[in-house]
file my_file.txt (compact mmCIF, C-alpha atoms and all ligand atoms)
# COMPACT_ATOMS: atom_id res chain seq x y z
CA MET A 11 13.79 -2.51 -5.48
CA VAL A 12 15.97 -0.20 -7.45
CA ALA A 13 17.70 -2.30 -10.04
CA PRO A 14 15.71 -4.46 -12.42
CA SER A 15 18.60 -6.91 -12.66
CA SER A 16 20.39 -8.96 -10.07
CA ASP A 17 23.51 -8.82 -12.15
CA LEU A 18 26.06 -6.69 -10.32
CA ALA A 19 28.15 -6.15 -13.42
CA ALA A 20 25.13 -4.75 -15.25
CA ALA A 21 24.52 -2.39 -12.34
CA ALA A 22 27.91 -0.82 -12.90
CA ALA A 23 27.31 -0.33 -16.65
CA PRO A 24 26.75 3.21 -17.94
CA ALA A 25 23.18 4.48 -18.00
CA ALA A 26 21.80 6.41 -20.95
CA GLY A 27 20.47 9.96 -20.90
CA ARG A 28 21.28 13.33 -19.36
CA LEU A 29 21.57 12.04 -15.82
CA ALA A 30 23.73 9.09 -16.84
CA ALA A 31 26.68 10.03 -14.62
CA VAL A 32 24.42 10.60 -11.62
CA GLN A 33 22.62 7.34 -12.19
CA ASP A 34 25.85 5.38 -12.61
CA LEU A 35 27.27 6.72 -9.38
CA ALA A 36 23.95 6.32 -7.55
CA ARG A 37 23.98 2.65 -8.52
CA LEU A 38 27.42 2.24 -7.03
CA LEU A 39 26.30 3.96 -3.83
CA ARG A 40 23.35 1.61 -3.80
CA LEU A 41 25.66 -1.41 -4.00
CA LEU A 42 27.79 -0.03 -1.21
CA PHE A 43 24.67 0.47 0.91
CA GLU A 44 23.62 -3.11 0.26
CA ALA A 45 27.08 -4.46 1.12
CA GLU A 46 27.17 -2.56 4.43
CA ARG A 47 23.63 -3.73 5.19
CA GLU A 48 24.63 -7.29 4.55
CA PHE A 49 27.65 -6.97 6.83
CA VAL A 50 25.30 -5.75 9.57
CA ARG A 51 22.94 -8.68 8.93
CA THR A 52 25.62 -11.37 8.96
CA ALA A 53 28.73 -10.31 10.93
CA PRO A 54 26.94 -10.42 14.32
CA THR A 55 26.78 -14.22 13.96
CA LEU A 56 30.50 -14.15 14.75
CA ILE A 57 29.96 -12.58 18.16
CA PRO A 58 28.60 -15.50 20.25
CA ARG A 59 31.12 -17.80 18.55
CA VAL A 60 34.35 -15.93 19.28
CA GLY A 61 35.63 -16.13 22.84
CA ALA A 62 37.61 -13.03 23.78
CA PRO A 63 35.38 -10.29 25.23
CA GLU A 64 37.60 -7.61 23.63
CA LEU A 65 36.98 -9.21 20.23
CA LYS A 66 33.22 -9.31 20.85
CA TYR A 67 33.37 -5.62 21.81
CA LEU A 68 35.32 -4.78 18.67
CA LEU A 69 32.87 -6.62 16.42
CA CYS A 70 29.97 -4.77 18.05
CA GLN A 71 31.72 -1.49 17.33
CA HIS A 72 32.37 -2.42 13.70
CA VAL A 73 28.79 -3.56 13.18
CA TRP A 74 27.56 -0.27 14.61
CA GLU A 75 29.91 1.75 12.40
CA SER A 76 28.79 -0.24 9.35
CA ALA A 77 25.17 0.52 10.22
CA GLY A 78 26.14 4.19 10.31
CA HIS A 79 27.84 3.91 6.91
CA ALA A 80 24.75 2.24 5.47
CA ARG A 81 22.45 4.92 6.81
CA PHE A 82 24.57 7.79 5.46
CA LEU A 83 24.84 6.04 2.09
CA ARG A 84 21.08 5.67 1.99
CA GLU A 85 20.54 9.32 2.89
CA ARG A 86 22.97 10.51 0.23
CA GLY A 87 21.73 7.96 -2.29
CA ARG A 88 18.17 9.17 -1.95
CA GLU A 89 19.30 12.62 -3.09
CA LEU A 90 20.40 11.09 -6.38
CA SER A 91 18.34 9.93 -9.29
CA GLY A 92 18.72 6.17 -9.71
CA PHE A 93 19.38 5.06 -6.11
CA GLY A 94 15.83 3.77 -5.75
CA ALA A 95 13.30 4.09 -2.96
CA GLY A 96 13.43 0.53 -1.59
CA GLU A 97 16.05 -1.10 0.62
CA SER A 98 16.20 -4.65 -0.65
CA VAL A 99 19.48 -6.39 -1.37
CA ARG A 100 20.33 -8.16 -4.60
CA PRO A 101 20.07 -11.93 -4.14
CA ALA A 102 23.61 -12.51 -5.46
CA LEU A 103 25.07 -10.20 -2.82
CA ARG A 104 22.95 -11.75 -0.09
CA ARG A 105 24.16 -15.18 -1.14
CA LEU A 106 27.78 -14.08 -0.78
CA PHE A 107 27.30 -12.76 2.77
CA THR A 108 25.19 -15.75 3.80
CA GLU A 109 28.02 -17.97 2.62
CA ALA A 110 30.44 -16.06 4.86
CA VAL A 111 28.69 -17.12 8.08
CA THR A 112 28.78 -20.86 7.37
CA PRO A 113 32.19 -22.09 8.67
CA ALA A 114 31.81 -24.08 11.87
CA ASP A 115 35.12 -22.70 13.16
CA ALA A 116 34.67 -19.10 14.37
CA ASP A 117 38.28 -18.16 13.58
CA VAL A 118 37.81 -19.32 10.01
CA ALA A 119 34.54 -17.39 9.67
CA LEU A 120 36.19 -14.29 11.15
CA ALA A 121 39.04 -14.63 8.67
CA GLY A 122 36.54 -14.79 5.80
CA PHE A 123 34.84 -11.60 6.87
CA TYR A 124 38.03 -9.69 7.59
CA GLY A 125 40.37 -11.30 5.10
CA VAL A 126 38.03 -11.25 2.08
CA LEU A 127 34.80 -9.27 2.49
CA LYS A 128 36.07 -6.23 4.38
CA PRO A 129 39.05 -5.78 2.01
CA ALA A 130 36.57 -6.03 -0.87
CA LEU A 131 34.48 -3.31 0.73
CA LEU A 132 37.53 -1.10 1.15
CA ALA A 133 38.46 -1.71 -2.49
CA ALA A 134 34.89 -0.83 -3.50
CA TYR A 135 35.01 2.48 -1.63
CA ARG A 136 38.36 3.29 -3.21
CA HIS A 137 36.93 2.45 -6.61
CA TYR A 138 34.04 4.81 -5.98
CA LEU A 139 36.39 7.61 -5.00
CA ALA A 140 38.48 7.03 -8.12
CA VAL A 141 35.59 7.10 -10.60
CA THR A 142 33.48 9.92 -9.18
CA ASP A 143 33.91 13.59 -10.04
CA HIS A 144 35.29 15.20 -6.93
CA LEU A 145 33.51 18.51 -7.43
CA ALA A 146 30.21 17.33 -8.92
CA ASP A 147 29.76 14.56 -6.33
CA TRP A 148 31.44 16.27 -3.41
CA PRO A 149 28.81 15.18 -0.82
CA SER A 150 29.37 11.48 -1.61
CA LYS A 151 33.10 11.96 -1.85
CA ARG A 152 33.22 13.37 1.69
CA LEU A 153 31.32 10.39 3.06
CA VAL A 154 33.30 7.80 1.14
CA ALA A 155 36.63 9.31 2.18
CA GLU A 156 35.54 9.03 5.82
CA PHE A 157 34.37 5.45 5.36
CA ILE A 158 37.70 4.52 3.78
CA ALA A 159 39.45 5.81 6.90
CA ASP A 160 37.05 3.74 9.04
CA GLU A 161 37.65 0.61 6.98
CA GLU A 162 41.41 1.06 7.20
CA ARG A 163 41.09 1.43 10.97
CA HIS A 164 38.85 -1.66 11.19
CA ALA A 165 41.55 -3.65 9.39
CA ARG A 166 44.21 -2.40 11.82
CA GLU A 167 42.01 -3.08 14.86
CA MET A 168 41.21 -6.62 13.74
CA ALA A 169 44.70 -7.59 12.56
CA ARG A 170 45.81 -9.09 15.88
CA TYR A 171 42.81 -11.45 15.96
CA LEU A 172 43.39 -12.91 12.50
CA GLY A 173 45.48 -16.04 12.37
CA SER A 174 46.61 -18.24 9.54
CA ALA A 175 42.98 -18.90 8.50
CA ALA A 176 43.06 -15.57 6.65
CA SER A 177 44.92 -17.23 3.80
CA GLY A 178 43.48 -20.74 4.05
CA PRO A 179 41.03 -22.71 1.88
CA TRP A 180 38.01 -20.86 3.25
CA ALA A 181 39.44 -17.55 2.06
CA THR A 182 39.88 -19.14 -1.38
CA GLN A 183 36.26 -20.32 -1.41
CA LEU A 184 34.88 -16.92 -0.42
CA ALA A 185 37.19 -15.08 -2.79
CA ALA A 186 35.90 -17.27 -5.64
CA ALA A 187 32.29 -16.39 -4.76
CA LEU A 188 33.25 -12.71 -4.69
CA ALA A 189 35.13 -12.92 -8.01
CA ALA A 190 32.05 -14.48 -9.60
CA LEU A 191 30.24 -11.21 -8.85
CA GLY A 192 33.07 -9.12 -10.25
CA GLY A 193 33.74 -7.60 -6.83
CA LEU A 194 31.17 -5.86 -4.66
CA LEU A 195 30.57 -3.17 -7.28
CA GLY A 196 30.97 -5.33 -10.36
CA GLU A 197 34.12 -3.29 -10.92
CA THR A 198 36.09 -6.23 -12.33
CA ALA A 199 35.14 -8.77 -14.99
CA PRO A 200 33.17 -11.58 -13.30
CA ARG A 201 35.09 -14.85 -13.15
CA PRO A 202 33.07 -18.08 -13.38
CA LEU A 203 32.95 -20.20 -10.22
CA PRO A 204 35.64 -22.90 -10.30
CA PRO A 205 34.55 -26.39 -11.33
CA GLY A 206 33.14 -28.36 -8.40
CA PHE A 207 32.37 -25.22 -6.37
CA VAL A 208 29.81 -26.06 -3.68
CA TRP A 209 27.95 -23.40 -1.75
CA HIS A 210 28.32 -24.30 1.92
CA GLN A 211 25.03 -22.59 2.74
CA ASP A 212 23.24 -25.22 0.65
CA ALA A 213 25.19 -28.16 2.02
CA SER A 214 25.18 -27.12 5.69
CA PRO A 215 23.17 -23.98 6.51
CA TYR A 216 24.27 -21.92 9.50
CA ARG A 217 22.64 -22.27 12.90
CA HIS A 218 23.51 -20.43 16.07
CA PRO A 219 25.58 -22.39 18.62
CA ASP A 220 23.67 -23.85 21.58
CA THR A 221 25.98 -22.06 23.97
CA CYS A 222 28.17 -19.01 23.59
CA ASN A 223 31.95 -18.88 23.72
CA ARG A 224 33.75 -16.96 26.48
CA GLY A 225 37.27 -17.99 25.61
CA PRO A 226 39.55 -18.31 28.63
CA TYR A 227 36.99 -17.08 31.18
CA PRO A 228 35.29 -19.46 33.61
CA VAL A 229 31.54 -19.83 33.08
CA CYS A 230 28.47 -20.71 35.14
CA ALA A 231 24.69 -20.70 34.82
CA SER A 232 24.02 -17.47 36.71
CA VAL A 233 25.90 -14.90 38.79
CA PHE A 234 22.75 -13.78 40.61
CA GLY A 235 21.53 -15.52 43.75
CA HIS A 236 21.01 -15.37 47.48
CA ASP A 237 24.00 -17.30 48.82
CA PRO A 238 27.08 -15.07 49.33
CA ALA A 239 29.26 -18.18 49.50
CA GLU A 240 28.22 -19.12 45.97
CA VAL A 241 27.51 -16.07 43.77
CA PRO A 242 28.97 -12.57 43.38
CA ILE A 243 25.68 -10.70 43.03
CA VAL A 244 23.68 -11.31 46.20
CA ARG A 245 20.24 -9.99 45.31
CA PRO A 246 19.13 -8.81 48.77
CA TRP A 247 22.45 -7.01 49.30
CA LEU A 248 21.88 -4.85 46.22
CA VAL A 249 18.92 -3.08 47.83
CA ASP A 250 19.81 -3.47 51.52
CA PRO A 251 20.73 -0.01 52.92
CA LYS A 252 23.13 -1.70 55.36
CA THR A 253 25.33 -3.06 52.55
CA ASP A 254 28.65 -1.20 52.22
CA ALA A 255 28.34 0.99 49.10
CA ARG A 256 31.76 -0.26 47.94
CA VAL A 257 30.31 -3.79 47.87
CA VAL A 258 27.34 -2.54 45.86
CA ARG A 259 29.78 -0.90 43.43
CA ILE A 260 31.64 -4.14 42.76
CA MET A 261 28.40 -6.07 42.43
CA VAL A 262 27.00 -3.61 39.90
CA TYR A 263 30.20 -3.74 37.85
CA VAL A 264 29.90 -7.54 37.75
CA TRP A 265 26.30 -7.04 36.65
CA LEU A 266 27.45 -4.67 33.88
CA LEU A 267 30.20 -7.05 32.77
CA MET A 268 27.55 -9.76 32.46
CA GLU A 269 25.65 -7.67 29.93
CA LEU A 270 27.91 -9.62 27.61
CA ASP A 271 25.05 -12.13 27.64
CA ALA A 272 22.83 -9.48 26.02
CA VAL A 273 25.59 -8.94 23.46
CA ASP A 274 25.65 -12.63 22.62
CA TYR A 275 21.91 -13.22 22.34
CA LEU A 276 21.01 -9.92 20.67
CA SER A 277 23.63 -10.76 18.03
CA THR A 278 21.50 -13.70 16.94
CA VAL A 279 18.48 -11.57 16.01
CA PHE A 280 19.96 -9.89 12.90
CA PHE A 281 20.52 -13.06 10.89
CA ASP A 282 17.14 -14.43 11.97
CA THR A 283 15.30 -11.40 10.55
CA PRO A 284 16.66 -11.16 6.99
CA GLU A 285 13.65 -9.23 5.72
CA ALA A 286 13.77 -6.56 8.44
CA PRO A 287 13.66 -2.93 7.33
CA PHE A 288 17.14 -1.44 7.48
CA ASP A 289 16.20 0.95 10.30
CA LEU A 290 15.35 -2.01 12.51
CA HIS A 291 18.81 -3.51 12.01
CA HIS A 292 20.33 -0.05 12.46
CA ASP A 293 18.71 0.30 15.89
CA LEU A 294 19.58 -3.29 16.82
CA ALA A 295 23.19 -2.47 15.94
CA ARG A 296 23.08 0.55 18.22
CA HIS A 297 21.49 -1.54 20.96
CA LEU A 298 24.20 -4.16 20.52
CA TRP A 299 27.01 -1.62 20.70
CA ASP A 300 25.46 -0.03 23.81
CA GLU A 301 25.38 -3.41 25.57
CA SER A 302 28.98 -4.03 24.61
CA ARG A 303 29.96 -0.67 26.14
CA HIS A 304 28.03 -1.48 29.32
CA SER A 305 29.89 -4.77 29.57
CA GLN A 306 33.15 -2.92 29.02
CA PHE A 307 32.33 -0.68 31.99
CA GLY A 308 32.67 -3.76 34.20
CA PHE A 309 35.56 -5.24 32.23
CA ARG A 310 37.56 -2.04 32.66
CA GLN A 311 36.58 -1.02 36.20
CA LEU A 312 36.67 -4.33 38.10
CA PRO A 313 40.46 -4.78 37.87
CA LYS A 314 40.90 -1.21 39.14
CA LEU A 315 38.95 -2.24 42.25
CA GLY A 316 41.20 -5.22 42.85
CA VAL A 317 39.08 -7.90 41.17
CA ASP A 318 40.97 -10.49 39.14
CA LEU A 319 38.81 -11.03 36.03
CA ALA A 320 40.04 -14.62 35.80
CA THR A 321 38.03 -15.34 38.99
CA VAL A 322 34.76 -13.87 37.67
CA GLU A 323 32.54 -16.53 36.17
CA HIS A 324 30.46 -15.58 33.13
CA SER A 325 26.79 -16.47 33.26
CA LEU A 326 25.50 -18.27 30.18
CA ASP A 327 21.90 -19.08 31.15
CA LEU A 328 20.21 -16.28 29.27
CA TYR A 329 21.94 -17.09 26.00
CA VAL A 330 21.39 -20.83 26.43
CA ILE A 331 17.67 -20.36 27.09
CA LEU A 332 16.95 -17.57 24.61
CA VAL A 333 18.73 -19.13 21.64
CA ARG A 334 16.20 -21.95 21.94
CA MET A 335 13.36 -19.48 21.59
CA ALA A 336 12.25 -17.57 18.47
CA PRO A 337 13.91 -14.25 17.53
CA HIS A 338 10.85 -12.13 18.30
CA GLU A 339 10.56 -13.89 21.67
CA ARG A 340 14.21 -13.11 22.44
CA TYR A 341 13.69 -9.47 21.57
CA ALA A 342 10.43 -9.23 23.53
CA LEU A 343 12.02 -10.66 26.67
CA MET A 344 15.07 -8.48 26.36
CA THR A 345 13.26 -5.17 25.96
CA MET A 346 9.93 -5.72 27.72
CA GLU A 347 11.06 -7.92 30.60
CA PHE A 348 14.78 -7.69 31.40
CA GLU A 349 15.40 -4.06 30.47
CA ALA A 350 12.04 -2.57 31.41
CA GLY A 351 12.19 -4.48 34.72
CA SER A 352 15.71 -3.42 35.71
CA PHE A 353 15.09 0.28 36.46
CA PRO A 354 13.91 0.15 40.10
CA THR A 355 16.90 -1.92 41.29
CA LYS A 356 19.37 0.09 39.23
CA ALA A 357 17.90 3.34 40.64
CA ALA A 358 18.45 2.09 44.19
CA VAL A 359 22.00 1.04 43.29
CA MET A 360 22.78 4.44 41.76
CA ASP A 361 21.65 6.18 44.95
CA ARG A 362 24.03 4.01 46.98
CA ILE A 363 26.95 4.56 44.61
CA ARG A 364 26.52 8.33 44.93
CA GLU A 365 27.62 8.01 48.58
CA LEU A 366 31.11 7.11 47.36
CA ASN A 367 31.76 10.37 45.48
CA ASP A 368 33.01 8.21 42.64
CA PHE A 369 32.41 10.49 39.69
CA GLU A 370 33.40 7.81 37.17
CA ALA A 371 30.97 5.23 38.58
CA ASP A 372 28.17 7.81 38.69
CA THR A 373 28.86 8.73 35.07
CA LEU A 374 28.96 5.16 33.79
CA LEU A 375 25.73 4.28 35.59
CA ALA A 376 23.99 7.41 34.35
CA PHE A 377 24.89 6.58 30.76
CA ASP A 378 23.83 2.99 31.28
CA ARG A 379 20.46 4.18 32.53
CA ASN A 380 20.03 6.61 29.66
CA ASP A 381 20.92 3.91 27.12
CA GLU A 382 18.53 1.44 28.73
CA GLN A 383 15.68 3.92 28.46
CA ASN A 384 16.39 4.11 24.74
CA HIS A 385 16.43 0.32 24.50
CA VAL A 386 12.96 0.09 25.98
CA ARG A 387 11.87 2.73 23.44
CA TYR A 388 13.39 0.62 20.67
CA GLY A 389 11.40 -2.31 22.02
CA HIS A 390 8.11 -0.44 21.74
CA ARG A 391 9.04 0.73 18.25
CA TRP A 392 10.33 -2.54 16.81
CA LEU A 393 8.71 -5.44 18.66
CA PRO A 394 5.49 -5.24 16.58
CA GLU A 395 7.62 -5.26 13.41
CA ILE A 396 9.72 -8.24 14.50
CA MET A 397 6.55 -10.05 15.53
CA ALA A 398 5.09 -9.44 12.05
CA LEU A 399 8.32 -10.65 10.40
CA CYS A 400 8.06 -13.86 12.41
CA GLY A 401 4.38 -14.36 11.59
CA GLU A 402 3.11 -13.51 15.09
CA THR A 403 -0.43 -12.06 14.94
CA ARG A 404 -1.47 -11.83 18.60
CA PRO A 405 -1.73 -8.37 20.19
CA VAL A 406 1.64 -7.26 21.63
CA GLU A 407 0.60 -7.44 25.28
CA GLU A 408 -0.86 -10.90 24.92
CA PHE A 409 2.24 -12.06 23.09
CA VAL A 410 4.56 -10.63 25.75
CA ARG A 411 2.62 -12.32 28.55
CA ALA A 412 2.66 -15.65 26.73
CA THR A 413 6.38 -15.26 26.03
CA GLN A 414 7.12 -14.60 29.70
CA GLU A 415 5.32 -17.86 30.50
CA LYS A 416 7.23 -19.68 27.80
CA PHE A 417 10.52 -18.28 29.13
CA ARG A 418 9.80 -19.72 32.57
CA ALA A 419 9.15 -23.12 31.01
CA CYS A 420 12.30 -22.92 28.86
CA ALA A 421 14.35 -21.78 31.86
CA ALA A 422 13.13 -24.81 33.82
CA GLN A 423 14.08 -27.05 30.93
CA PHE A 424 17.35 -25.55 29.69
CA GLY A 425 18.53 -23.24 32.48
CA GLY A 426 20.93 -24.08 35.30
CA ARG A 427 22.81 -26.64 33.26
CA THR A 428 26.14 -24.86 32.94
CA PRO A 429 28.33 -26.13 35.79
CA HIS A 430 30.59 -23.74 37.69
CA GLY A 431 33.94 -23.34 35.99
CA LEU A 432 35.62 -22.68 39.35
CA PRO A 433 35.14 -24.08 42.86
CA PRO A 434 33.67 -21.56 45.38
CA GLU A 435 37.05 -20.97 47.01
CA ARG A 436 38.52 -19.73 43.72
CA ARG A 437 35.61 -17.83 42.17
CA LEU A 438 34.45 -14.30 43.01
CA THR A 439 31.53 -14.50 45.47
CA GLY A 440 29.69 -12.08 47.73
CA GLU A 441 31.88 -13.16 50.64
CA LYS A 442 35.03 -12.49 48.62
CA ILE A 443 33.75 -9.04 47.71
CA LEU A 444 33.23 -8.31 51.42
CA ARG A 445 36.79 -9.37 52.18
CA LEU A 446 38.17 -7.40 49.24
CA VAL A 447 36.43 -4.23 50.41
CA ALA A 448 37.46 -4.77 54.05
CA GLY A 449 41.09 -5.11 52.98
CA ALA A 450 41.04 -2.08 50.67
FE FE A 501 22.84 -2.58 29.10
FE FE A 502 19.97 -2.59 27.26
call {"tool": "encode", "arguments": {"input": "my_file.txt", "output": "structure tokens"}}
result
Amino acid sequence: MVAPSSDLAAAAAPAAGRLAAVQDLARLLRLLFEAEREFVRTAPTLIPRVGAPELKYLLCQHVWESAGHARFLRERGRELSGFGAGESVRPALRRLFTEAVTPADADVALAGFYGVLKPALLAAYRHYLAVTDHLADWPSKRLVAEFIADEERHAREMARYLGSAASGPWATQLAAALAALGGLLGETAPRPLPPGFVWHQDASPYRHPDTCNRGPYPVCASVFGHDPAEVPIVRPWLVDPKTDARVVRIMVYVWLLMELDAVDYLSTVFFDTPEAPFDLHHDLARHLWDESRHSQFGFRQLPKLGVDLATVEHSLDLYVILVRMAPHERYALMTMEFEAGSFPTKAAVMDRIRELNDFEADTLLAFDRNDEQNHVRYGHRWLPEIMALCGETRPVEEFVRATQEKFRACAAQFGGRTPHGLPPERRLTGEKILRLVAGA
């Protein structure tokens, strides 16, 4: 903990002594760090709830950039007297961001984040730039100027997704909670909460949805299987040397597109680990952004190969099963089972793709593989910490084995329930991929 008080206004008050200016500015940097941290903790809850894949991708990118802001702020802050050694967040600030996740309607929640909290963050950065000495505090100034440009870009990138909710009653509620703090830096006089104000987080705390939203896209339980008349990714075909490499290429792009399921379930882990060290959330944010890029590989490349994305069903089973398990179980399965177990098949697929002299496909798959190796490293680094946060005391290997067992039981209970959104004649299947390639 750095500040003895949870009062944000007090944190912005002048400090006494020779280093007063440094300490004042360090406190502001500290508040900015905490605000970015809180965005990273809470904004991912939007991701499984919004439907458009492009919006999910954009949120992943913003969360990752916020994690980068927070880390640079922490690095710079630690050079200054008064920033503090710890990483904890003031309860009042945490309460504000926890409130932001509560609306049941994803569009309303999105509007709260991007219509109230992000503009407040931009205003806070501008305030910092205005009150600091541009020569004395040049290192912070350089960072903050860059972050302002990022925040302005985030606002532009998100504008087309914000509807009328941005000015509705929820925005008023959140703005009142923010005004009671005096802004994110305590830069304005705090205004008392209006009479009758009720914190939604007390009345109806947030919980993750039982299934994730894919907007206009058809859904199903799983895209993997053995029947080419039913599913697009025919498991034996992936590793059969007789399969046309062009078929393998389409199947692997469908596989990559479906990494959107990893995006949706990994998003749930941040909010469920509020006491995580910042570096854990930083690496989760990187992991999340990587998965969103992998999914974009498929989203971008499939139409170029003649696949109509409206015919590709999205598999929801992993989200549906994992959201019913604990956060450390989700993370263990993701890193120690799904990712660690995917390398042999992906290696075989990459060898087949190389036959096509498709430089772009080779490049995308090579980066996917490199990223996945990092994800498994993250798993080894962070799983013991997430286990500890969740009160798990068994040795890691024993816990992973037990979790694999539990996953099988949960899959039997909750998996396979999402009906096909399209009949076989309209959805992309292995047979359709064969025909598509034959006609190319
Ligand atoms: Fe991935
Ligand atoms: Fe991964």
call {"tool": "residues_near_ligand", "arguments": {"input": "my_file.txt", "ligand": "ligand FE 502 (chain A)", "cutoff": "6 Å", "atoms": "only C-alpha atoms and all ligand atoms", "output": "list in words"}}
result
Glu301, Glu349, Glu382 and His385 of chain A
call {"tool": "residues_near_ligand", "arguments": {"input": "my_file.txt", "ligand": "ligand FE 501 (chain A)", "cutoff": "9 Å", "atoms": "all atoms listed in the file", "output": "PyMOL selection string"}}
result
chain A and resi 266+269-270+272-273+297-298+300-305+349+378-379+381-382+385
call {"tool": "atom_distance", "arguments": {"input": "my_file.txt", "atom1": "atom CA of Leu65 of chain A", "atom2": "atom CA of Tyr171 of chain A"}}
result
7.6 Å
call {"tool": "closest_residue", "arguments": {"input": "my_file.txt", "among": "A:Cys420, A:Leu444, A:Leu438, A:Val244", "to": "Glu339 of chain A", "atoms": "all atoms listed in the file"}}
result
A:Cys420
call {"tool": "residues_around", "arguments": {"input": "my_file.txt", "residues": "Thr373 of chain A", "least_positions_apart": "4", "cutoff": "12 Å", "atoms": "all atoms listed in the file", "output": "ChimeraX atom specification"}}
result
/A:304,307,360,363-364,367-369,377-380
call {"tool": "atom_distance", "arguments": {"input": "my_file.txt", "atom1": "atom CA of Val233 of chain A", "atom2": "atom CA of Phe280 of chain A"}}
result
27.0 Å
call {"tool": "residues_around", "arguments": {"input": "my_file.txt", "residues": "Thr52 of chain A", "least_positions_apart": "4", "cutoff": "7 Å", "atoms": "only C-alpha atoms", "output": "CSV table (one decimal) with C-alpha atoms, in the frame of the given file"}}
result
chain,number,residue,atom,x,y,z
A,48,GLU,CA,24.6,-7.3,4.6
A,107,PHE,CA,27.3,-12.8,2.8
A,108,THR,CA,25.2,-15.8,3.8
A,111,VAL,CA,28.7,-17.1,8.1
A,281,PHE,CA,20.5,-13.1,10.9
call {"tool": "closest_atom_pairs", "arguments": {"input": "my_file.txt", "of": "segment 303-331 of chain A", "to": "segment 245-265 of chain A", "cutoff": "9 Å", "atoms": "only C-alpha atoms", "output": "CSV"}}
result
residue,atom,partner,partner_atom,distance
A:Ser305,CA,A:Trp265,CA,8.3
A:Phe307,CA,A:Tyr263,CA,6.9
A:Gly308,CA,A:Tyr263,CA,4.4
A:Phe309,CA,A:Tyr263,CA,7.9
A:Gln311,CA,A:Tyr263,CA,7.1
A:Leu312,CA,A:Tyr263,CA,6.5
A:Leu315,CA,A:Ile260,CA,7.6
A:Val317,CA,A:Ile260,CA,8.5
A:Val322,CA,A:Val264,CA,8.0
call {"tool": "residues_around", "arguments": {"input": "my_file.txt", "residues": "Ala181 of chain A", "least_positions_apart": "5", "cutoff": "10 Å", "atoms": "all atoms listed in the file", "output": "list in words"}}
result
Ala110, Val118, Ala119, Ala121, Gly122, Phe123, Tyr124, Gly125, Val126, Leu127, Ala175, Ala176, Ala186 and Ala187 of chain A
call {"tool": "closest_residue", "arguments": {"input": "my_file.txt", "among": "A:Ala134, A:Val279, A:Leu120, A:Ala286", "to": "Gly173 of chain A", "atoms": "all atoms listed in the file"}}
result
A:Leu120
call {"tool": "atom_distance", "arguments": {"input": "my_file.txt", "atom1": "atom CA of Lys314 of chain A", "atom2": "atom CA of Phe353 of chain A"}}
result
26.0 Å
call {"tool": "residues_around", "arguments": {"input": "my_file.txt", "residues": "segment 85-87 of chain A", "least_positions_apart": "3", "cutoff": "9 Å", "atoms": "all atoms listed in the file", "output": "NGL selection string"}}
result
:A and (36-37 or 39-40 or 43 or 80-82 or 90-94 or 149-150 or 153)
call {"tool": "residues_around", "arguments": {"input": "my_file.txt", "residues": "Val50 of chain A", "least_positions_apart": "4", "cutoff": "7 Å", "atoms": "only C-alpha atoms", "output": "ChimeraX atom specification"}}
result
/A:46,54,73,76-77
call {"tool": "closest_residue", "arguments": {"input": "my_file.txt", "among": "A:Met168, A:Tyr138, A:Glu285, A:Ser214", "to": "Glu197 of chain A", "atoms": "all atoms listed in the file"}}
result
A:Tyr138
call {"tool": "axis_aligned_box", "arguments": {"input": "my_file.txt", "around": "segment 272-282 of chain A", "padding_each_side": "5 Å", "output": "AutoDock Vina command-line options"}}
result
--center_x 21.4 --center_y -11.7 --center_z 18.5 --size_x 18.5 --size_y 15.5 --size_z 25.1
call {"tool": "closest_residue", "arguments": {"input": "my_file.txt", "among": "A:Glu89, A:Glu441, A:Asp372, A:Glu323", "to": "Pro429 of chain A", "atoms": "all atoms listed in the file"}}
result
A:Glu323
